[in-house]
Every structure is written in structure tokens, then in C-alpha cells.
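K.L.:
Before we start, here is the structure in question, set down as C-alpha cells.
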Amino acid sequence: MIMNLTKMVVSKNEKNCWVHQLKRPDYDIKRSVQTYDTRFGYKSAPTSLSRKRKGEDDWKISRRCAIAIPSKSVEERFFELAKQWKRETAYSSLANEKVTNQNYSTIIGMGITFKDKIIKLILQDLERYEEYWHYALKSITNENPVPKGRVNNLSIVRECWLNWGKENQLI
Amino acid sequence: MEFEPKSLLELGEFGLKKYWPNLNASTFHKTSEEDPRYNCVAWANRIQNENVDFSLDEEGDPVFDPYYLTSYPYVEYFEQNGYELCDNDPSLEAGYEKIGIYEKDGQFKHVARQLENGNWTSKIGEYEDIEHYSIEAVEGYTYKSKSYGRVAFFMKRKNPSFTSSSIEPQQSP
């Protein structure tokens, strides 16, 4: 199988374009393609690559051989998104602008697929920092341990969610 | 996992200019460490243990009623706390303390409170509290929606510690 024979290297070239490079002992196939982040940090490989090898027949990788490479683990992706979210919304005084940030929404999306993992990561972050994780945790878990009308007090919100995490043995 | 400290000074000149084009070392100085537990509205009303924020409902969901994204709920909040709307004049007035409410594209963005020396104090998002030497220092229309716009409302309330209107704004060394 192609996956066993080849090694895929994804890197950026001098023009800041993603370059997928397939390395095999006797082959060196390069193709510059625009890729995009799929849902959880996986980068899609080009669907077909072909190049005529010197003095030989066409060598072609068919669409069926497209390879998806896990570029980042869930944890790495979470840390990256959380860091970006904090950086992009630190200027704002309004929670609305924080919880409608794109990075925050992506974390909620990840939480639907990798529920336990993301909840644990958020609770770990909450143990260290008082942050606006209430809406994300509420959306992922469908639970709300924070008393009505106290959502603006980050200390109470943090305490309620950490207690909830302990009760559910997630911390 | 380590996150960057939320310090205005560590944003550097370029970082500051992105959000607050008028803010630089000669227009403000820091007066406290960063603290996410209170926001600018709470700070203007001298509250330091919780946010005053009408952009979330009781359950903690973002509100989508556009009224709560404007300055009016904040004007009402300050009216309940003894302030009244006044002329758009940032100068020091004897016997009154003033606040300025910043708005951008019809949306509430920020509040700054006047100090006894005529300077202004602000809690900048999750960053530090600062003292800025003019109310325009944190105004700005750059970087898409990520700036505070302009002062749309001035409000004042009686405060006997604001004694003289002749004091010139002082700059800290």
C-alpha cells in the first residue's frame, strides 16, 4: 500500500504555500497545493499526484490513494485554539465578543466529537485561569451547575465547574 | 500549557497600535496588574470582584437582542448608580465625577472614569487598569471591529472629592 511505502512530508515553501512531498527510495514527487485545515487539525493530502519519471512510464497515484495525515493531536489543536482565542479577545470587556469568537466555536465543535478529552482540557485550563469557559462547557455537556444570574462572577463560575468536574471524576 | 501574560506593555508598540492607535508610553501608565474578574464597566463603578456585562443572559448564553449590545443598558445601569447624562465635555467639573461611554458602529465598547486630577482611568479588557492622560487615548477605529470607537456619551454624578475645576491634568513620570 502507498501508505506503507511512502513518507508524506508537509511543509511550507518560500512562497508560504503548503507543499506535500511524497518521499520514496527512488521517487521524489513534489506538488504545491493549497490545502486547508479540516475539522480537527487534519490536513488533507492532494487527491491525485502524478509526474513523469525520467525515462520511464507515467507514475500515478490515483484518487483512491489519497492520504489524510494527522498533523496535530487534539491536545495540540486545543492549546493552539485556546491561545489564539485568548489573544484575540483579551482587548474586549464583553463576554459576548469572547464566546462568539471563531476559535472558541471551533473548540465547542471539537468538544462534540472528543467530548471527554476537551472537557478535561478546559477544566485543566480553568484550574489555572479564570476564563470564560462557561458557555463552552455548558454547550458541550448540556449541563449548567452555575446558579442563574451569577455568570458574570468568574470566581463563582470557576468554582461551580471545578466542583462539577470533581463530582464527575474528570479532574 | 503556558499562555502569554495579558499585559498591555508586552504587546509592544505595534500590538498597542492595532487596537488603540493613540495609546503609547507617553499617553498612559499602568496602575494595576491584569485581572479578568472585573471589566471596564465594573471598574468605572468601583467594583472589583465581578463583571457588569449585559451581553450575556442569566444562563450565560450570548444575547442576540441588539438592544443589549448598544450603550443604552449601560447608560441605564449608570443612571441607577447616581449618574446623569451631561454635555460632551471631558474637562474636570468641580463637585462631579464623570465617565465616558465609548461606542463603535452603534455598539457599546468601553467606559472610562475621570480621576480627581483630570486624567482618566480604564480597565482595558482583560489587561491592566491604566491611567490615561486624555479620554481620546483609548479611542480608535482601526483593526476591523477590534477597537473602542469614540466617546458617545458623557455622564456625571456628584462627588465632593472633585473639588476644583482649575486643576490641570497631570502626567506621571
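Ordering of the C-alpha cells sets the chain letters (A, B, ...); residue numbers start at 1 within each chain; ligands are numbered from 1 in the order shown.
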Which residues of chain A sit at most 9 Å from chain B, using only C-alpha atoms? Give each one's shortest atom pair and distance in Å (one decimal place), in chain and ascending residue order, as a tab-separated table.

P.N.:
residue	atom	partner	partner_atom	distance
A:Phe79	CA	B:Met1	CA	7.3
A:Ala82	CA	B:Phe3	CA	8.9
A:Lys83	CA	B:Phe3	CA	6.3
A:Lys86	CA	B:Phe3	CA	8.4
A:Arg87	CA	B:Glu4	CA	7.9
A:Glu88	CA	B:Lys146	CA	8.8
A:Thr89	CA	B:Gly125	CA	8.1
A:Ala90	CA	B:Glu126	CA	5.2
A:Tyr91	CA	B:Gly125	CA	4.5
A:Ser92	CA	B:Gly125	CA	4.4
A:Ser93	CA	B:Gly125	CA	4.3
A:Leu94	CA	B:Asp53	CA	6.3
A:Ala95	CA	B:Ser55	CA	6.4
A:Asn96	CA	B:Ser55	CA	5.2
A:Glu97	CA	B:Ser55	CA	8.5
A:Val99	CA	B:Pro62	CA	7.3
A:Thr100	CA	B:Pro62	CA	7.9
A:Asp125	CA	B:Met1	CA	8.3
A:Tyr129	CA	B:Pro36	CA	8.9
A:Glu130	CA	B:Pro36	CA	6.8
A:Glu131	CA	B:Pro36	CA	7.3
A:His134	CA	B:Gly60	CA	7.1
A:Tyr135	CA	B:Gly60	CA	6.2
A:Lys138	CA	B:Gly60	CA	8.7
A:Asn144	CA	B:Glu59	CA	8.0
A:Val146	CA	B:Glu59	CA	8.0
A:Pro147	CA	B:Glu59	CA	8.1
A:Lys148	CA	B:Glu58	CA	5.4
A:Gly149	CA	B:Glu58	CA	4.4
A:Arg150	CA	B:Glu58	CA	7.3
A:Val151	CA	B:Gly60	CA	5.5
A:Asn152	CA	B:Asn51	CA	5.1
A:Asn153	CA	B:Glu50	CA	4.6
A:Leu154	CA	B:Arg37	CA	5.8
A:Ser155	CA	B:Arg37	CA	7.2

K.L.:
I'd like the neighbourhood of B:Ile130 as number ranges by chain, where a residue qualifies if any of its atoms comes within 8 Å (using only C-alpha atoms), though same-chain residues fewer than 5 positions away should be ignored.

P.N.:
B: 28-32, 121-124

K.L.:
For the selection you just gave me, I'd like the residues written to a file as a short mmCIF file (atom, residue, chain, number, x, y, z; two decimals), in the first residue's frame, keeping all heavy atoms.

P.N.:
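Once everything was written out, this is selection-v8.cif:
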data_model
loop_
_atom_site.label_atom_id
_atom_site.label_comp_id
_atom_site.auth_asym_id
_atom_site.auth_seq_id
_atom_site.Cartn_x
_atom_site.Cartn_y
_atom_site.Cartn_z
N PHE B 28 -0.19 57.02 28.57
CA PHE B 28 -0.80 56.26 29.68
C PHE B 28 0.28 55.67 30.58
O PHE B 28 1.44 55.60 30.21
CB PHE B 28 -1.68 55.14 29.13
CG PHE B 28 -0.95 53.86 28.79
CD1 PHE B 28 -0.99 52.77 29.65
CD2 PHE B 28 -0.22 53.73 27.63
CE1 PHE B 28 -0.33 51.59 29.35
CE2 PHE B 28 0.44 52.56 27.30
CZ PHE B 28 0.39 51.48 28.18
N HIS B 29 -0.14 55.27 31.77
CA HIS B 29 0.71 54.41 32.58
C HIS B 29 -0.17 53.40 33.32
O HIS B 29 -1.35 53.64 33.57
CB HIS B 29 1.60 55.21 33.53
CG HIS B 29 0.85 55.89 34.64
ND1 HIS B 29 0.39 57.17 34.53
CD2 HIS B 29 0.50 55.45 35.87
CE1 HIS B 29 -0.24 57.51 35.65
NE2 HIS B 29 -0.18 56.49 36.49
N LYS B 30 0.44 52.27 33.62
CA LYS B 30 -0.29 51.16 34.23
C LYS B 30 -0.49 51.43 35.71
O LYS B 30 0.41 51.94 36.38
CB LYS B 30 0.59 49.92 33.99
CG LYS B 30 0.16 48.67 34.61
CD LYS B 30 1.11 47.57 34.18
CE LYS B 30 1.64 46.82 35.39
NZ LYS B 30 2.38 45.62 35.07
N THR B 31 -1.66 51.07 36.23
CA THR B 31 -1.89 51.30 37.66
C THR B 31 -2.18 50.02 38.44
O THR B 31 -2.29 50.05 39.65
CB THR B 31 -3.07 52.28 37.87
OG1 THR B 31 -4.20 51.81 37.13
CG2 THR B 31 -2.71 53.68 37.40
N SER B 32 -2.36 48.89 37.74
CA SER B 32 -2.56 47.62 38.46
C SER B 32 -2.16 46.47 37.55
O SER B 32 -1.94 46.65 36.36
CB SER B 32 -4.01 47.46 38.87
OG SER B 32 -4.76 46.99 37.76
N THR B 121 -9.23 56.89 34.03
CA THR B 121 -8.80 55.53 34.36
C THR B 121 -9.67 54.53 33.61
O THR B 121 -10.87 54.72 33.48
CB THR B 121 -8.82 55.27 35.88
OG1 THR B 121 -8.39 53.94 36.12
CG2 THR B 121 -10.20 55.46 36.49
N SER B 122 -9.03 53.48 33.10
CA SER B 122 -9.74 52.46 32.33
C SER B 122 -9.23 51.08 32.69
O SER B 122 -8.05 50.90 32.95
CB SER B 122 -9.49 52.64 30.83
OG SER B 122 -10.24 53.69 30.30
N LYS B 123 -10.15 50.13 32.66
CA LYS B 123 -9.74 48.72 32.69
C LYS B 123 -9.81 48.27 31.24
O LYS B 123 -10.87 48.26 30.63
CB LYS B 123 -10.73 47.93 33.57
CG LYS B 123 -10.60 46.43 33.47
CD LYS B 123 -9.46 45.96 34.32
CE LYS B 123 -9.51 44.48 34.59
NZ LYS B 123 -9.24 43.63 33.45
N ILE B 124 -8.66 47.91 30.71
CA ILE B 124 -8.59 47.59 29.28
C ILE B 124 -8.82 46.10 29.07
O ILE B 124 -7.90 45.29 29.24
CB ILE B 124 -7.23 48.00 28.70
CG1 ILE B 124 -6.96 49.48 28.93
CG2 ILE B 124 -7.13 47.66 27.22
CD1 ILE B 124 -7.82 50.41 28.12
#

K.L.:
What separation in Å, quoted to one decimal, exists between atom CA of B:Tyr68 and atom CA of B:Gln107?

P.N.:
8.9 Å
